[in-house]
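A.B. asks: Contents are compact mmCIF, C-alpha atoms; file name input-v2.txt:
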# COMPACT_ATOMS: atom_id res chain seq x y z
CA MET N 10 15.73 31.17 -15.17
CA LEU N 11 18.82 29.59 -16.78
CA ARG N 12 22.23 30.59 -15.46
CA PRO N 13 24.74 31.64 -18.18
CA ASP N 14 26.79 28.47 -17.67
CA GLU N 15 23.72 26.21 -17.74
CA ALA N 16 22.53 24.20 -20.79
CA ALA N 17 18.88 24.44 -21.80
CA PRO N 18 16.79 21.28 -21.21
CA VAL N 19 16.67 19.04 -24.29
CA LEU N 20 13.63 16.82 -24.77
CA ASP N 21 13.91 13.45 -26.48
CA ARG N 22 11.45 13.71 -29.40
CA LEU N 23 10.98 9.96 -29.68
CA ILE N 24 9.94 9.66 -26.04
CA HIS N 25 8.13 12.99 -25.72
CA GLU N 26 5.15 11.87 -27.81
CA PRO N 27 2.38 11.40 -25.18
CA GLY N 28 1.52 7.82 -26.15
CA ARG N 29 5.12 6.64 -26.05
CA LEU N 30 5.83 8.58 -22.86
CA ALA N 31 2.84 6.83 -21.24
CA ILE N 32 3.99 3.38 -22.42
CA LEU N 33 7.56 3.86 -21.18
CA THR N 34 6.41 5.34 -17.86
CA VAL N 35 4.13 2.35 -17.19
CA LEU N 36 6.90 -0.07 -18.20
CA SER N 37 9.39 1.70 -15.92
CA SER N 38 7.36 0.55 -12.90
CA VAL N 39 7.18 -3.15 -13.84
CA LYS N 40 9.54 -5.97 -14.84
CA ASP N 41 7.41 -6.69 -17.92
CA ALA N 42 3.77 -6.41 -18.99
CA ASP N 43 1.61 -7.70 -21.79
CA PHE N 44 -0.11 -5.78 -24.57
CA LEU N 45 -3.53 -5.86 -22.93
CA PHE N 46 -2.27 -4.46 -19.63
CA LEU N 47 -0.44 -1.66 -21.46
CA GLN N 48 -3.60 -0.88 -23.40
CA ARG N 49 -5.62 -0.74 -20.17
CA ALA N 50 -3.05 1.35 -18.31
CA THR N 51 -2.40 3.90 -21.08
CA GLY N 52 -5.88 4.09 -22.63
CA LEU N 53 -4.39 3.80 -26.15
CA THR N 54 -6.21 2.00 -28.96
CA LYS N 55 -4.89 -1.34 -30.18
CA GLY N 56 -3.56 0.19 -33.43
CA ASN N 57 -1.91 3.16 -31.71
CA LEU N 58 -0.27 0.99 -29.07
CA SER N 59 1.00 -1.46 -31.67
CA SER N 60 2.47 1.35 -33.80
CA HIS N 61 4.17 3.03 -30.81
CA LEU N 62 5.61 -0.29 -29.61
CA THR N 63 7.11 -0.96 -33.04
CA LYS N 64 8.83 2.45 -32.98
CA LEU N 65 10.11 1.89 -29.46
CA GLU N 66 11.39 -1.57 -30.36
CA ASP N 67 13.15 -0.22 -33.47
CA ALA N 68 14.85 2.40 -31.25
CA GLY N 69 16.01 -0.34 -28.85
CA LEU N 70 14.00 1.01 -25.92
CA VAL N 71 11.77 -2.04 -25.43
CA THR N 72 11.92 -5.75 -26.19
CA ILE N 73 8.82 -7.50 -27.52
CA GLU N 74 8.23 -11.21 -27.07
CA LYS N 75 5.39 -12.95 -28.90
CA ARG N 76 4.19 -16.11 -27.18
CA PHE N 77 1.13 -18.30 -26.67
CA ILE N 78 -0.73 -18.64 -23.37
CA ARG N 79 -3.47 -21.29 -23.29
CA LYS N 80 -3.29 -21.40 -27.11
CA LYS N 81 -3.98 -17.64 -27.35
CA PRO N 82 -1.37 -15.22 -28.74
CA ASN N 83 0.16 -12.94 -26.12
CA THR N 84 2.60 -10.07 -26.63
CA ASN N 85 4.92 -9.37 -23.72
CA VAL N 86 6.86 -6.09 -23.50
CA ALA N 87 9.79 -5.08 -21.29
CA LEU N 88 11.97 -1.99 -21.04
CA THR N 89 15.62 -2.41 -22.07
CA ALA N 90 18.49 -0.94 -20.01
CA VAL N 91 18.76 1.89 -22.56
CA GLY N 92 15.00 2.45 -22.34
CA LYS N 93 15.17 2.68 -18.55
CA GLN N 94 17.93 5.26 -18.74
CA ARG N 95 16.23 7.32 -21.48
CA ILE N 96 12.84 7.51 -19.72
CA ALA N 97 14.50 8.47 -16.42
CA GLU N 98 16.50 11.21 -18.17
CA HIS N 99 13.41 12.43 -19.99
CA TRP N 100 11.39 12.83 -16.78
CA ALA N 101 14.39 14.59 -15.21
CA GLN N 102 14.46 17.04 -18.15
CA LEU N 103 10.70 17.64 -17.85
CA GLU N 104 11.09 18.29 -14.14
CA ARG N 105 13.92 20.73 -14.86
CA LEU N 106 11.76 22.48 -17.45
CA ARG N 107 8.95 22.76 -14.91
CA GLN N 108 11.30 24.31 -12.37
CA LEU N 109 12.60 26.78 -14.94
CA SER N 110 9.06 27.83 -15.83
CA GLU N 111 8.33 28.76 -12.24
CA PRO N 112 8.78 32.46 -11.43
CA ASP N 113 11.92 33.34 -9.47
CA GLU N 114 11.48 33.70 -5.72
CA PRO N 115 10.67 37.32 -4.89
CA ARG N 116 13.63 39.03 -3.35
CA PRO N 117 13.12 40.45 0.16
CA ALA N 118 12.43 44.20 0.18
CA HIS N 119 15.55 46.27 0.76
CA ARG N 120 15.46 48.02 4.08
CA GLY N 121 18.18 50.62 3.99
CA PRO N 122 19.21 52.97 6.75
CA MET K 15 -0.58 13.09 -18.49
CA ASP K 16 -0.14 12.25 -14.83
CA ARG K 17 3.17 10.53 -14.16
CA HIS K 18 2.08 9.21 -10.76
CA THR K 19 -1.10 7.62 -12.19
CA LEU K 20 0.91 5.83 -14.88
CA GLU K 21 3.59 4.67 -12.45
CA SER K 22 1.04 3.45 -9.92
CA ALA K 23 -0.95 1.44 -12.52
CA ALA K 24 1.04 -1.72 -11.76
CA ALA K 25 0.53 -1.40 -8.00
CA LYS K 26 -3.20 -0.78 -8.51
CA TYR K 27 -3.38 -3.82 -10.78
CA SER K 28 -1.72 -5.99 -8.14
CA TYR K 29 -3.56 -4.80 -5.03
CA LEU K 30 -7.03 -3.76 -6.21
CA ARG K 31 -8.06 -7.05 -7.83
CA GLY K 32 -10.72 -7.17 -5.18
CA LEU K 33 -12.68 -10.19 -6.39
CA PHE K 34 -9.99 -12.29 -4.68
CA GLY K 35 -11.52 -10.98 -1.45
CA ILE K 36 -14.55 -13.24 -1.99
CA PRO K 37 -12.75 -16.62 -1.68
CA ALA K 38 -10.36 -15.16 0.93
CA GLY K 39 -13.21 -13.87 3.09
CA LEU K 40 -15.15 -17.12 2.69
CA ALA K 41 -12.03 -19.03 3.80
CA PHE K 42 -11.95 -16.96 7.02
CA ILE K 43 -15.62 -17.73 7.65
CA ALA K 44 -15.11 -21.44 6.82
CA ALA K 45 -12.22 -21.54 9.31
CA ALA K 46 -14.47 -20.11 12.03
CA LEU K 47 -17.28 -22.56 11.20
CA GLY K 48 -14.75 -25.41 11.16
CA ASN K 49 -13.37 -24.40 14.57
CA ASN K 50 -16.91 -24.39 15.98
CA ALA K 51 -17.81 -27.63 14.15
CA VAL K 52 -21.00 -26.05 12.82
CA GLY K 53 -23.22 -28.42 10.75
CA PRO K 54 -21.23 -30.28 8.06
CA PHE K 55 -18.08 -28.43 9.19
CA ALA K 56 -17.94 -30.98 12.01
CA HIS K 57 -16.27 -33.24 9.42
CA ASP K 58 -12.69 -32.36 8.49
CA TRP K 59 -13.17 -33.54 4.89
CA PHE K 60 -15.96 -30.98 4.39
CA PHE K 61 -13.65 -28.14 5.41
CA VAL K 62 -10.96 -29.42 3.00
CA LEU K 63 -13.61 -29.64 0.24
CA VAL K 64 -14.71 -26.04 0.88
CA ILE K 65 -11.11 -24.78 0.80
CA ALA K 66 -10.48 -26.67 -2.47
CA ALA K 67 -13.62 -25.11 -4.00
CA LEU K 68 -12.44 -21.67 -2.88
CA GLY K 69 -9.05 -22.40 -4.48
CA LEU K 70 -10.81 -23.16 -7.78
CA MET K 71 -12.79 -19.93 -7.42
CA ALA K 72 -9.50 -18.03 -6.97
CA LEU K 73 -8.11 -19.66 -10.14
CA ALA K 74 -11.21 -18.60 -12.09
CA ILE K 75 -10.80 -15.04 -10.77
CA THR K 76 -7.12 -15.03 -11.83
CA ARG K 77 -8.19 -16.06 -15.31
CA TYR K 78 -10.89 -13.36 -15.39
CA TYR K 79 -8.36 -10.63 -14.55
CA ASN K 80 -5.71 -12.00 -16.94
CA ASP K 81 -8.15 -12.32 -19.85
CA ASN K 82 -9.78 -8.93 -19.35
CA TYR K 83 -6.97 -6.76 -17.97
CA GLY K 84 -3.73 -8.44 -19.05
CA ARG K 85 -0.70 -9.72 -17.19
CA LEU K 86 2.36 -8.14 -15.66
CA ASN K 87 5.38 -9.09 -13.61
CA PRO K 88 6.04 -6.62 -10.82
CA SER K 89 9.41 -4.90 -10.57
CA SER K 90 11.95 -6.19 -8.06
CA THR K 91 11.27 -3.10 -5.89
CA GLN K 92 7.60 -4.00 -5.75
CA GLN K 93 8.42 -7.64 -4.98
CA VAL K 94 10.64 -6.56 -2.07
CA ARG K 95 7.84 -4.30 -0.82
CA VAL K 96 5.38 -7.22 -0.93
CA ALA K 97 7.84 -9.50 0.92
CA ILE K 98 8.32 -6.87 3.64
CA THR K 99 4.55 -6.33 3.89
CA VAL K 100 3.92 -10.07 4.25
CA ALA K 101 6.65 -10.36 6.91
CA ILE K 102 5.16 -7.43 8.85
CA ALA K 103 1.70 -8.96 8.39
CA VAL K 104 2.63 -12.31 9.86
CA ALA K 105 4.52 -10.69 12.75
CA ALA K 106 1.62 -8.29 13.43
CA MET K 107 -1.01 -11.06 13.38
CA VAL K 108 0.92 -13.44 15.64
CA GLY K 109 2.33 -10.74 17.92
CA GLY K 110 -0.95 -8.83 18.12
CA ALA K 111 -3.03 -11.87 19.01
CA PHE K 112 -0.41 -12.89 21.61
CA LEU K 113 -0.12 -9.45 23.23
CA LEU K 114 -3.88 -8.92 23.38
CA ARG K 115 -4.79 -12.41 24.67
CA ASP K 116 -5.35 -11.29 28.27
CA LEU K 117 -7.29 -8.13 27.43
CA PRO K 118 -11.07 -8.03 26.90
CA VAL K 119 -10.59 -7.23 23.21
CA ASN K 120 -10.82 -9.29 20.03
CA GLY K 121 -7.15 -9.88 19.16
CA ILE K 122 -7.86 -11.34 15.69
CA ALA K 123 -10.07 -8.41 14.66
CA VAL K 124 -7.70 -5.75 16.04
CA SER K 125 -4.49 -7.21 14.62
CA PHE K 126 -6.02 -8.08 11.21
CA ALA K 127 -7.62 -4.64 10.81
CA THR K 128 -4.34 -2.93 11.75
CA LEU K 129 -2.45 -5.14 9.35
CA MET K 130 -4.82 -4.34 6.47
CA LEU K 131 -4.70 -0.61 7.13
CA VAL K 132 -0.88 -0.67 7.18
CA SER K 133 -0.53 -2.88 4.11
CA TYR K 134 -2.93 -0.75 2.00
CA ALA K 135 -1.17 2.42 3.17
CA ILE K 136 2.24 0.99 2.14
CA THR K 137 1.15 -0.36 -1.25
CA VAL K 138 -1.53 1.77 -2.96
CA GLY K 139 -2.53 4.35 -0.36
CA LEU K 140 -5.73 4.21 1.67
CA SER K 141 -9.12 4.84 0.06
CA ALA K 142 -12.20 6.01 1.97
CA HIS K 143 -13.91 2.60 1.94
CA GLN K 144 -10.76 0.88 3.23
CA VAL K 145 -10.47 3.35 6.12
CA ILE K 146 -14.17 2.87 6.96
CA ILE K 147 -14.22 -0.95 6.74
CA TRP K 148 -10.91 -1.66 8.49
CA GLY K 149 -11.41 1.22 10.92
CA ALA K 150 -14.82 -0.22 11.87
CA LEU K 151 -13.30 -3.69 12.38
CA LEU K 152 -10.50 -2.19 14.46
CA ILE K 153 -12.93 -0.26 16.68
CA ALA K 154 -15.30 -3.23 17.02
CA GLY K 155 -12.40 -5.48 18.00
CA ALA K 156 -10.95 -2.94 20.43
CA LEU K 157 -14.19 -2.39 22.36
CA PRO K 158 -13.70 -3.89 25.85
CA VAL K 159 -16.67 -6.25 25.55
CA TRP K 160 -14.87 -9.42 24.49
CA ASN K 161 -14.48 -11.13 27.84
CA GLY K 162 -15.82 -14.58 28.49
CA GLU K 163 -15.65 -17.10 25.65
CA ASP K 164 -12.67 -17.11 23.23
CA PRO K 165 -13.60 -14.42 20.67
CA SER K 166 -11.22 -15.71 17.96
CA ASN K 167 -13.91 -17.33 15.82
CA THR K 168 -16.17 -14.28 15.96
CA GLY K 169 -13.09 -12.28 14.98
CA LEU K 170 -12.52 -14.58 12.00
CA VAL K 171 -16.13 -14.16 10.82
CA MET K 172 -15.93 -10.36 11.21
CA ALA K 173 -12.61 -10.29 9.33
CA GLY K 174 -14.05 -12.52 6.59
CA VAL K 175 -17.06 -10.24 6.06
CA ALA K 176 -14.73 -7.20 6.01
CA VAL K 177 -12.42 -8.87 3.45
CA ILE K 178 -15.39 -9.60 1.14
CA ALA K 179 -16.88 -6.09 1.50
CA CYS K 180 -13.51 -4.38 1.00
CA GLY K 181 -12.72 -6.66 -1.95
CA LEU K 182 -15.94 -5.78 -3.76
CA LEU K 183 -15.27 -2.06 -3.29
CA ASP K 184 -11.60 -2.51 -4.31
CA HIS K 185 -12.82 -4.17 -7.50
CA ARG K 186 -15.03 -1.14 -8.14
CA LEU K 187 -11.92 1.08 -7.85
CA PHE K 188 -10.05 -1.31 -10.14
CA VAL K 189 -12.74 -1.06 -12.83
CA ARG K 190 -12.75 2.72 -12.47
CA ALA K 191 -8.97 2.76 -13.04
CA PHE K 192 -8.77 0.23 -15.89
CA GLY K 193 -12.23 0.32 -17.49
CA PRO K 194 -15.07 -2.19 -17.71
CA PRO K 195 -14.12 -5.79 -18.56
CA THR K 196 -15.70 -6.05 -22.02
CA VAL K 197 -14.02 -3.03 -23.70
CA ALA K 198 -10.59 -4.52 -24.36
CA ALA K 199 -11.32 -8.22 -23.94
CA ASP K 200 -10.31 -8.93 -27.54
CA ALA K 201 -7.29 -6.65 -27.49
CA GLN K 202 -4.49 -9.23 -27.47
CA ALA K 203 -2.09 -8.44 -30.28
Can the structure from this file be put into structure tokens for me?

C.D. replies:
Amino acid sequence: MLRPDEAAPVLDRLIHEPGRLAILTVLSSVKDADFLFLQRATGLTKGNLSSHLTKLEDAGLVTIEKRFIRKKPNTNVALTAVGKQRIAEHWAQLERLRQLSEPDEPRPAHRGP
Amino acid sequence: MDRHTLESAAAKYSYLRGLFGIPAGLAFIAAALGNNAVGPFAHDWFFVLVIAALGLMALAITRYYNDNYGRLNPSSTQQVRVAITVAIAVAAMVGGAFLLRDLPVNGIAVSFATLMLVSYAITVGLSAHQVIIWGALLIAGALPVWNGEDPSNTGLVMAGVAVIACGLLDHRLFVRAFGPPTVAADAQA
């Protein structure tokens, strides 16, 4: 239950979308990763992942580097400092929301004289 | 959506690429055969040739994982964890073999099994097959039957077989976590 002086948790709509939340969470545990690894780790389709990455790049949460490895195109993705902060805050808000949704601890029965 | 599963994907990718266990295990066995000068292993050049071939096998396995499952650079936290694990590993192997040298146990098997159990527990958490394989090696090495001839080479062969078996089962876990190799092989964007 919220205390009167406490602000309600605010969820970041850009990050809260499950696909983007998955991408940012995976990226938060690595220095950088390529498109194929992100696809494997999140289970997203190629089109979905590509679309989410574009939105995250436009918002400044990730950086995308296109390169060639053994003459094959490779897309490398890393979280920006802002992205790191936003995903950490988002998980903190979700955790707070989870705690608020839990029923209050039952008060001990009053044993009067 | 499970936060822990997503956050542990990188660690699983790094530590469950079990096919590397095949060349690693074969290198252990080759070392034992080389020490005993068995057959062509009596010649030093043959041992070097085998190790070079195993190195090429490891490169092919790296390419297989990169092409089918992608690439990543671990975070600095994970790199520090690996460095600490390696340091503990080296200390445990050398120290364990030294401390156990006068006991009728197999120092190589005991220290290597302990090291593997600890390193898996620190990095990705222990799975049933890892507990069984490394636990079996630990028990076999700790049985007080290893008096007489130097048991180091037998320990190397046992460790090599355990590395291969554990690697194959680790790879099975890897495929379960990331999917079969053909699904996303053409997914580079």

A.B. asks: Given a cut-off of 12 Å, which residues of chain K touch chain N, counting only C-alpha atoms, written out as a ChimeraX atom specification?

C.D. replies: /K:15-28,77,79-93,188-203

A.B. asks: Would you pick out the contacts of Asn50 (chain K) at 12 Å or less, using all atoms listed in the file, so that residues sharing its chain but fewer than 6 positions from it are not included, and give the list as a PyMOL selection string?

C.D. replies: chain K and resi 43-44+56-58+61+164-168+170-171

A.B. asks: To one decimal place, how far is CA of Val132 (chain K) from CA of Pro158 (chain K) in Å?

C.D. replies: 22.9 Å

A.B. asks: Would you pick out the contacts of Val175 (chain K) at 10 Å or less, using all atoms listed in the file, so that residues sharing its chain but fewer than 2 positions from it are not included, and give the list as a VMD selection string?

C.D. replies: chain K and resid 35 to 36 38 to 40 42 to 43 147 151 169 to 173 177 to 181

A.B. asks: Looking at only C-alpha atoms, which of N:Ala68, N:Ile24, N:Leu62, N:Glu111 is the one that sits closest to His99 (chain N)?

C.D. replies: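 Ranked by minimum distance to His99 (chain N), first place goes to N:Ile24.
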
A.B. asks: Using Å and a single decimal, report how far CA of Tyr29 (chain K) sits from CA of Gly139 (chain K).

C.D. replies: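 One can read the CA of Gly139 (chain K) to CA of Tyr29 (chain K) distance as 10.3 Å.
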
A.B. asks: To one decimal in Å, tell me the separation between CA of Ala123 (chain K) and CA of Ile65 (chain K).

C.D. replies: 21.5 Å

A.B. asks: Which residue gives the smallest distance to Glu66 (chain N) among N:Val91, N:Ala101, N:Leu53, N:Leu106, with all atoms listed in the file counted?

C.D. replies: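 Of the candidates, the smallest distance to Glu66 (chain N) is held by N:Val91.
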
A.B. asks: Excluding His143 (chain K) and any residue of its chain fewer than 2 positions from it, enumerate the residues within 9 Å of it, using all atoms listed in the file, and give them as a compact mmCIF listing (two decimals) with C-alpha atoms, keeping the file's coordinate frame.

C.D. replies:
# COMPACT_ATOMS: atom_id res chain seq x y z
CA LEU K 140 -5.73 4.21 1.67
CA SER K 141 -9.12 4.84 0.06
CA VAL K 145 -10.47 3.35 6.12
CA ILE K 146 -14.17 2.87 6.96
CA ILE K 147 -14.22 -0.95 6.74
CA TRP K 148 -10.91 -1.66 8.49
CA CYS K 180 -13.51 -4.38 1.00
CA LEU K 183 -15.27 -2.06 -3.29
CA ASP K 184 -11.60 -2.51 -4.31

A.B. asks: Nearest residue to Leu68 (chain K) out of K:Ala127, K:Ala41, K:Ala46, K:Ala106, using only C-alpha atoms?

C.D. replies: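 Nearest to Leu68 (chain K): K:Ala41.
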
A.B. asks: Could you check which of N:Val19, N:Lys80, N:Thr63, N:Val71 is closest to Glu104 (chain N), using only C-alpha atoms?

C.D. replies: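 Ranked by minimum distance to Glu104 (chain N), first place goes to N:Val19.
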